[in-house]
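> What follows is data_9.tsv, TSV, C-alpha atoms.
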```tsv
chain	number	residue	atom	x	y	z
Z	1	MET	CA	-116.24	-24.98	7.14
Z	2	THR	CA	-115.04	-25.21	3.53
Z	3	GLU	CA	-111.51	-26.13	4.65
Z	4	GLN	CA	-112.87	-28.80	7.01
Z	5	ILE	CA	-114.89	-30.30	4.19
Z	6	LEU	CA	-111.91	-30.26	1.82
Z	7	ASP	CA	-109.64	-31.84	4.44
Z	8	ALA	CA	-112.16	-34.61	5.14
Z	9	ALA	CA	-112.78	-35.25	1.45
Z	10	GLU	CA	-109.04	-35.27	0.73
Z	11	HIS	CA	-108.50	-37.89	3.43
Z	12	LEU	CA	-111.27	-40.13	2.11
Z	13	PHE	CA	-110.56	-39.68	-1.60
Z	14	SER	CA	-106.88	-40.46	-1.02
Z	15	ARG	CA	-107.87	-43.87	0.33
Z	16	TYR	CA	-110.95	-44.84	-1.67
Z	17	GLY	CA	-110.87	-42.72	-4.81
Z	18	LEU	CA	-113.62	-40.69	-6.44
Z	19	TYR	CA	-116.05	-43.57	-6.80
Z	20	GLY	CA	-115.47	-45.11	-3.39
Z	21	VAL	CA	-116.64	-42.05	-1.44
Z	22	THR	CA	-120.07	-40.43	-1.10
Z	23	LEU	CA	-120.95	-36.94	0.05
Z	24	LYS	CA	-122.55	-38.58	3.06
Z	25	ASP	CA	-119.20	-40.20	3.93
Z	26	VAL	CA	-117.56	-36.79	3.87
Z	27	ALA	CA	-120.34	-35.27	5.97
Z	28	VAL	CA	-119.97	-38.01	8.57
Z	29	ARG	CA	-116.23	-37.36	8.82
Z	30	VAL	CA	-116.83	-33.63	9.21
Z	31	GLY	CA	-119.66	-34.23	11.68
Z	32	VAL	CA	-122.43	-32.43	9.82
Z	33	HIS	CA	-125.59	-33.40	7.96
Z	34	HIS	CA	-124.89	-34.31	4.34
Z	35	THR	CA	-127.30	-31.68	3.04
Z	36	LEU	CA	-124.90	-29.00	4.31
Z	37	LEU	CA	-122.28	-30.17	1.81
Z	38	ASN	CA	-124.63	-29.32	-1.05
Z	39	TYR	CA	-124.56	-25.71	0.10
Z	40	TYR	CA	-120.83	-25.60	-0.66
Z	41	PHE	CA	-120.51	-28.20	-3.44
Z	42	THR	CA	-123.17	-29.15	-5.97
Z	43	ASP	CA	-122.03	-32.75	-6.34
Z	44	LYS	CA	-119.21	-35.15	-5.60
Z	45	LYS	CA	-117.19	-34.36	-8.72
Z	46	THR	CA	-117.28	-30.66	-7.90
Z	47	LEU	CA	-115.90	-31.49	-4.46
Z	48	PHE	CA	-113.25	-33.80	-5.92
Z	49	ASP	CA	-112.15	-31.11	-8.39
Z	50	ALA	CA	-111.90	-28.57	-5.57
Z	51	VAL	CA	-109.77	-30.93	-3.49
Z	52	ILE	CA	-107.35	-31.41	-6.38
Z	53	ALA	CA	-107.26	-27.72	-7.27
Z	54	ARG	CA	-106.69	-26.45	-3.72
Z	55	ARG	CA	-103.09	-27.62	-3.47
Z	56	ALA	CA	-102.29	-27.90	-7.18
Z	57	ASP	CA	-101.59	-24.19	-7.52
Z	58	VAL	CA	-99.24	-24.35	-4.53
Z	59	THR	CA	-97.12	-27.26	-5.70
Z	60	SER	CA	-97.04	-26.29	-9.37
Z	61	GLY	CA	-96.26	-22.67	-8.52
Z	62	LEU	CA	-93.39	-23.59	-6.23
Z	63	ARG	CA	-91.91	-25.98	-8.78
Z	64	MET	CA	-92.24	-23.45	-11.58
Z	65	ARG	CA	-90.32	-20.88	-9.52
Z	66	ALA	CA	-87.71	-23.47	-8.57
Z	67	LEU	CA	-87.18	-24.36	-12.24
Z	68	ASP	CA	-86.97	-20.70	-13.23
Z	69	ASP	CA	-84.51	-19.97	-10.43
Z	70	TYR	CA	-82.42	-23.00	-11.33
Z	71	GLU	CA	-82.20	-22.04	-15.00
Z	72	ALA	CA	-81.13	-18.52	-14.05
Z	73	ALA	CA	-78.52	-19.86	-11.61
Z	74	SER	CA	-77.19	-22.27	-14.24
Z	75	GLY	CA	-76.52	-19.42	-16.65
Z	76	GLY	CA	-78.70	-21.05	-19.25
Z	77	LYS	CA	-76.69	-24.28	-19.10
Z	78	PRO	CA	-78.80	-26.64	-16.98
Z	79	THR	CA	-77.85	-30.21	-16.16
Z	80	VAL	CA	-80.21	-33.15	-16.02
Z	81	GLU	CA	-79.57	-33.59	-12.29
Z	82	GLY	CA	-80.10	-29.91	-11.58
Z	83	ALA	CA	-83.41	-29.76	-13.43
Z	84	LEU	CA	-84.67	-32.94	-11.76
Z	85	HIS	CA	-83.60	-31.74	-8.31
Z	86	ALA	CA	-85.51	-28.48	-8.82
Z	87	PHE	CA	-88.62	-30.33	-9.94
Z	88	LEU	CA	-88.58	-33.31	-7.56
Z	89	ASP	CA	-87.02	-31.89	-4.40
Z	90	THR	CA	-89.32	-28.88	-4.32
Z	91	ASP	CA	-92.33	-31.16	-4.46
Z	92	LEU	CA	-90.98	-33.66	-1.95
Z	93	ASP	CA	-90.23	-30.82	0.49
Z	94	LEU	CA	-93.94	-30.02	0.56
Z	95	TYR	CA	-94.76	-33.54	1.67
Z	96	ILE	CA	-91.86	-33.60	4.16
Z	97	GLN	CA	-92.83	-30.30	5.76
Z	98	GLY	CA	-96.56	-30.03	5.08
Z	99	GLY	CA	-97.92	-32.56	7.53
Z	100	GLU	CA	-100.48	-35.30	7.09
Z	101	ASN	CA	-102.85	-33.28	4.92
Z	102	TRP	CA	-100.18	-32.79	2.28
Z	103	LYS	CA	-99.31	-36.48	2.46
Z	104	ASN	CA	-102.99	-37.27	1.87
Z	105	TYR	CA	-102.92	-34.98	-1.14
Z	106	GLY	CA	-99.89	-36.79	-2.51
Z	107	ALA	CA	-101.61	-40.15	-2.15
Z	108	LEU	CA	-104.72	-38.73	-3.81
Z	109	GLY	CA	-102.65	-37.45	-6.74
Z	110	ALA	CA	-101.05	-40.86	-7.13
Z	111	LEU	CA	-104.45	-42.55	-7.15
Z	112	ALA	CA	-106.13	-39.99	-9.40
Z	113	SER	CA	-103.35	-39.93	-11.99
Z	114	ASN	CA	-104.03	-43.59	-12.75
Z	115	THR	CA	-107.67	-42.99	-13.71
Z	116	PRO	CA	-108.94	-41.31	-16.90
Z	117	TYR	CA	-110.86	-38.58	-15.06
Z	118	GLY	CA	-108.03	-37.93	-12.62
Z	119	ALA	CA	-105.50	-37.81	-15.45
Z	120	GLU	CA	-107.57	-35.06	-17.09
Z	121	LEU	CA	-107.25	-33.03	-13.89
Z	122	MET	CA	-103.51	-33.69	-13.80
Z	123	ASP	CA	-103.28	-32.38	-17.38
Z	124	GLN	CA	-105.24	-29.29	-16.46
Z	125	HIS	CA	-103.26	-28.36	-13.36
Z	126	PHE	CA	-99.75	-29.67	-13.95
Z	127	ASP	CA	-98.97	-29.63	-17.69
Z	128	PRO	CA	-97.34	-26.14	-17.62
Z	129	VAL	CA	-94.79	-27.07	-14.94
Z	130	VAL	CA	-94.13	-30.48	-16.53
Z	131	LEU	CA	-93.47	-28.87	-19.91
Z	132	ARG	CA	-91.19	-26.35	-18.18
Z	133	LEU	CA	-89.16	-29.29	-16.87
Z	134	ILE	CA	-89.15	-30.91	-20.31
Z	135	GLY	CA	-87.80	-27.67	-21.77
Z	136	LEU	CA	-84.90	-27.66	-19.30
Z	137	LEU	CA	-84.15	-31.31	-19.98
Z	138	LYS	CA	-83.99	-30.55	-23.71
Z	139	LYS	CA	-81.50	-27.77	-23.00
Z	140	ALA	CA	-79.46	-30.09	-20.78
Z	141	MET	CA	-79.42	-32.82	-23.46
Z	142	PRO	CA	-79.79	-31.08	-26.83
Z	143	ASP	CA	-78.56	-34.21	-28.62
Z	144	CYS	CA	-81.11	-36.48	-26.93
Z	145	ALA	CA	-84.10	-37.68	-28.96
Z	146	GLU	CA	-87.23	-35.81	-27.93
Z	147	GLU	CA	-89.21	-39.01	-27.49
Z	148	ASP	CA	-86.58	-40.32	-25.06
Z	149	ILE	CA	-86.94	-37.20	-22.93
Z	150	PHE	CA	-90.71	-37.66	-22.76
Z	151	TRP	CA	-90.33	-41.35	-21.92
Z	152	GLY	CA	-87.80	-40.39	-19.27
Z	153	TYR	CA	-90.28	-37.99	-17.73
Z	154	HIS	CA	-92.93	-40.73	-17.84
Z	155	PHE	CA	-90.66	-42.95	-15.75
Z	156	VAL	CA	-89.84	-40.09	-13.36
Z	157	THR	CA	-93.46	-39.27	-12.67
Z	158	GLY	CA	-94.31	-42.96	-12.27
Z	159	ALA	CA	-91.68	-43.32	-9.56
Z	160	LEU	CA	-92.84	-40.10	-7.89
Z	161	MET	CA	-96.48	-41.20	-7.87
Z	162	LEU	CA	-95.60	-44.61	-6.42
Z	163	THR	CA	-93.64	-42.85	-3.71
Z	164	LEU	CA	-96.48	-40.48	-2.86
Z	165	ALA	CA	-98.96	-43.38	-2.75
Z	166	ARG	CA	-97.30	-44.63	0.47
Z	167	THR	CA	-98.46	-48.19	-0.08
Z	168	GLY	CA	-96.04	-49.70	2.43
Z	169	ARG	CA	-94.85	-52.28	-0.10
Z	170	ILE	CA	-91.19	-51.19	0.06
Z	171	ASP	CA	-91.39	-51.50	3.85
Z	172	ARG	CA	-92.44	-55.13	3.61
Z	173	LEU	CA	-90.07	-56.04	0.79
Z	174	SER	CA	-87.08	-54.55	2.59
Z	175	GLY	CA	-88.02	-55.91	6.00
Z	176	GLY	CA	-88.27	-52.36	7.32
Z	177	LEU	CA	-84.94	-51.21	5.89
Z	178	CYS	CA	-86.81	-48.73	3.68
Z	179	ARG	CA	-90.05	-46.93	4.57
Z	180	SER	CA	-92.57	-45.69	2.05
Z	181	ASN	CA	-93.08	-42.45	3.98
Z	182	ASP	CA	-89.35	-41.66	4.21
Z	183	TYR	CA	-89.38	-38.82	1.70
Z	184	ASP	CA	-85.96	-37.63	2.87
Z	185	ALA	CA	-84.47	-40.93	1.69
Z	186	VAL	CA	-86.30	-40.61	-1.63
Z	187	LYS	CA	-85.13	-37.01	-2.05
Z	188	ALA	CA	-81.52	-38.08	-1.46
Z	189	ARG	CA	-81.68	-40.64	-4.28
Z	190	MET	CA	-84.39	-40.04	-6.86
Z	191	ALA	CA	-82.96	-37.20	-8.97
Z	192	ALA	CA	-79.54	-38.88	-9.30
Z	193	PHE	CA	-81.12	-42.24	-10.13
Z	194	MET	CA	-83.38	-40.76	-12.80
Z	195	ALA	CA	-80.61	-38.62	-14.29
Z	196	ALA	CA	-78.52	-41.74	-14.79
Z	197	GLY	CA	-81.44	-43.29	-16.64
Z	198	PHE	CA	-81.73	-40.32	-19.01
Z	199	ARG	CA	-78.02	-40.51	-19.77
Z	200	GLU	CA	-78.10	-44.25	-20.36
Z	201	ILE	CA	-81.02	-44.00	-22.80
Z	202	ARG	CA	-79.13	-41.34	-24.74
Z	203	LYS	CA	-75.95	-43.42	-24.71
Z	204	GLN	CA	-77.75	-46.50	-26.02
Z	205	ARG	CA	-79.13	-44.50	-28.94
Z	206	GLU	CA	-75.70	-42.98	-29.69
Z	207	ASP	CA	-74.16	-46.45	-29.62
Z	208	GLY	CA	-76.78	-47.73	-32.03
Z	209	GLY	CA	-78.58	-49.76	-29.38
Z	210	LYS	CA	-82.29	-49.97	-28.86
Z	211	ALA	CA	-83.40	-47.30	-26.37
Z	212	GLY	CA	-87.02	-48.28	-25.90
```
Can you dump the structure from the file as structure tokens?

Amino acid sequence: MTEQILDAAEHLFSRYGLYGVTLKDVAVRVGVHHTLLNYYFTDKKTLFDAVIARRADVTSGLRMRALDDYEAASGGKPTVEGALHAFLDTDLDLYIQGGENWKNYGALGALASNTPYGAELMDQHFDPVVLRLIGLLKKAMPDCAEEDIFWGYHFVTGALMLTLARTGRIDRLSGGLCRSNDYDAVKARMAAFMAAGFREIRKQREDGGKAG
């Protein structure tokens, strides 16, 4: 029953956010009386936190291992592209292979990360793996200003969240040439695109230009 409740809540929260969903809405989707939900979850925020936490350990754990494995394989000499591929591709593979529930979770993360309460949960669950990536990027670009690396990550995660939101906007803009749920196409392009951005920011600073 707990998994059914979490799946239903994940679906609804991914579309309407924390404040657009009631426990009764979740109960209706599950097909039970809303008082049953209180047996498992004391309130809506407790349920929301559980939905976020359920898959957070999976995705952050897989990415942490991928980053560790990549650093070992690189002999301690990582590249920007390699670090970004380990971080981004590992996550995108979950949404490619994990079915609709994982896609709902991605959309929920995109929505939650743009709210103060959701951002606190992102900090709690994902800061260790993000800082692991930052550490590899610093090794890959030891001459890059630290603030530029953090801004670069900010842009990376913004693009990733927009992708996971699956808004359909790119579908309409491109006349169907690109699809917002085509994670394979994103995976084939995102790391290389973002790596070029990191290098350009560094080059501008080296050339005396204005990076930010």
> Compile the contact shell of His11 (chain Z) as a ChimeraX atom specification: residues with an atom at most 8 Å away, counting all atoms listed in the file, same-chain residues fewer than 2 positions apart removed.
/Z:7-9,13-15,101,104-105
> Closest to Leu36 (chain Z) among Z:Ala112, Z:Asp49, Z:Leu133, Z:Thr2, using all atoms listed in the file?
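Ranked by minimum distance to Leu36 (chain Z), first place goes to Z:Thr2.
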> Nearest to Ser113 (chain Z) among Z:Val58, Z:Leu162, Z:Ala191, Z:Ala73, with distances taken over only C-alpha atoms: which residue is it?
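The answer is Z:Leu162, which sits nearest to Ser113 (chain Z).
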> Do you know which residues are at most 12 Å from Val28 (chain Z) counting only C-alpha atoms, after dropping those on the same chain fewer than 6 positions away, and could you put them as a list in words?
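Result of the neighbour search: Gln4, Ile5, Ala8, Ala9, Leu12, Val21, Thr22, His34, Thr35, Leu36 and Leu37 of chain Z.
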> Within 6 Å of (-102.5, -35.1, -11.7), in the coordinates the file gives, what residues turn up when you count only C-alpha atoms, written out as a list in words?
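Protein, DNA and RNA residues close to (-102.5, -35.1, -11.7): Gly109, Ser113, Ala119, Leu121 and Met122 of chain Z.
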> Those residues with C-alpha atoms, as a PDB file, in the frame of the given file please?

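Result saved to result_11.pdb:
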```pdb
ATOM      1  CA  GLY Z 109    -102.650 -37.450  -6.740  1.00  0.00           C
ATOM      2  CA  SER Z 113    -103.350 -39.930 -11.990  1.00  0.00           C
ATOM      3  CA  ALA Z 119    -105.500 -37.810 -15.450  1.00  0.00           C
ATOM      4  CA  LEU Z 121    -107.250 -33.030 -13.890  1.00  0.00           C
ATOM      5  CA  MET Z 122    -103.510 -33.690 -13.800  1.00  0.00           C
TER       6      MET Z 122
END
```
> Using all atoms listed in the file, can you tell me which of Z:Asp184, Z:Asp143, Z:Asp148, Z:Thr167 comes closest to Ile201 (chain Z)?
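Among the listed residues, Z:Asp148 lies closest to Ile201 (chain Z).
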> Just want the 7 Å neighbourhood of region 88-93 of chain Z, counted on only C-alpha atoms, with same-chain residues fewer than 6 positions away dropped. Output as a ChimeraX atom specification.
/Z:59,62-63,183,187,191
> Rounded to one decimal, what separation in Å do you get between CA of Arg132 (chain Z) and CA of Gly17 (chain Z)?
28.9 Å
> Counting only C-alpha atoms, select every polymer residue within 10 Å of (-77.9, -35.2, -22.3) as defined in the file's coordinates, and provide the selection as number ranges by chain.
Z: 79-80, 137-145, 149, 195-196, 198-203
> Point out the residue among Z:Gln204, Z:Asn114, Z:Gln124, Z:Ser180 with the least atom-to-atom distance to Gly158 (chain Z), counting only C-alpha atoms.
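For Gly158 (chain Z), the nearest of the given residues is Z:Asn114.
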> What gap, in Å, lies between CA of Thr157 (chain Z) and CA of Glu120 (chain Z)?
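Computing the Euclidean distance for CA of Thr157 (chain Z) and CA of Glu120 (chain Z) yields 15.4 Å.
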> Distance CA of Val129 (chain Z)-CA of Glu3 (chain Z), one decimal place?
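CA of Glu3 (chain Z) lies 25.8 Å from CA of Val129 (chain Z).
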> Pick the closest to Leu47 (chain Z) from Z:Asp182, Z:Ala83, Z:Glu10, Z:Leu67: which is it, counting only C-alpha atoms?
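Answer, going by the shortest atom-to-atom distance: Z:Glu10.
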> List as a ChimeraX atom specification the protein and nucleic acid residues near Met194 (chain Z), meaning an atom at most 9 Å away when only C-alpha atoms are counted, but skip any in the same chain fewer than 5 places from it.
/Z:80-81,84,152-153,155-156,189,199
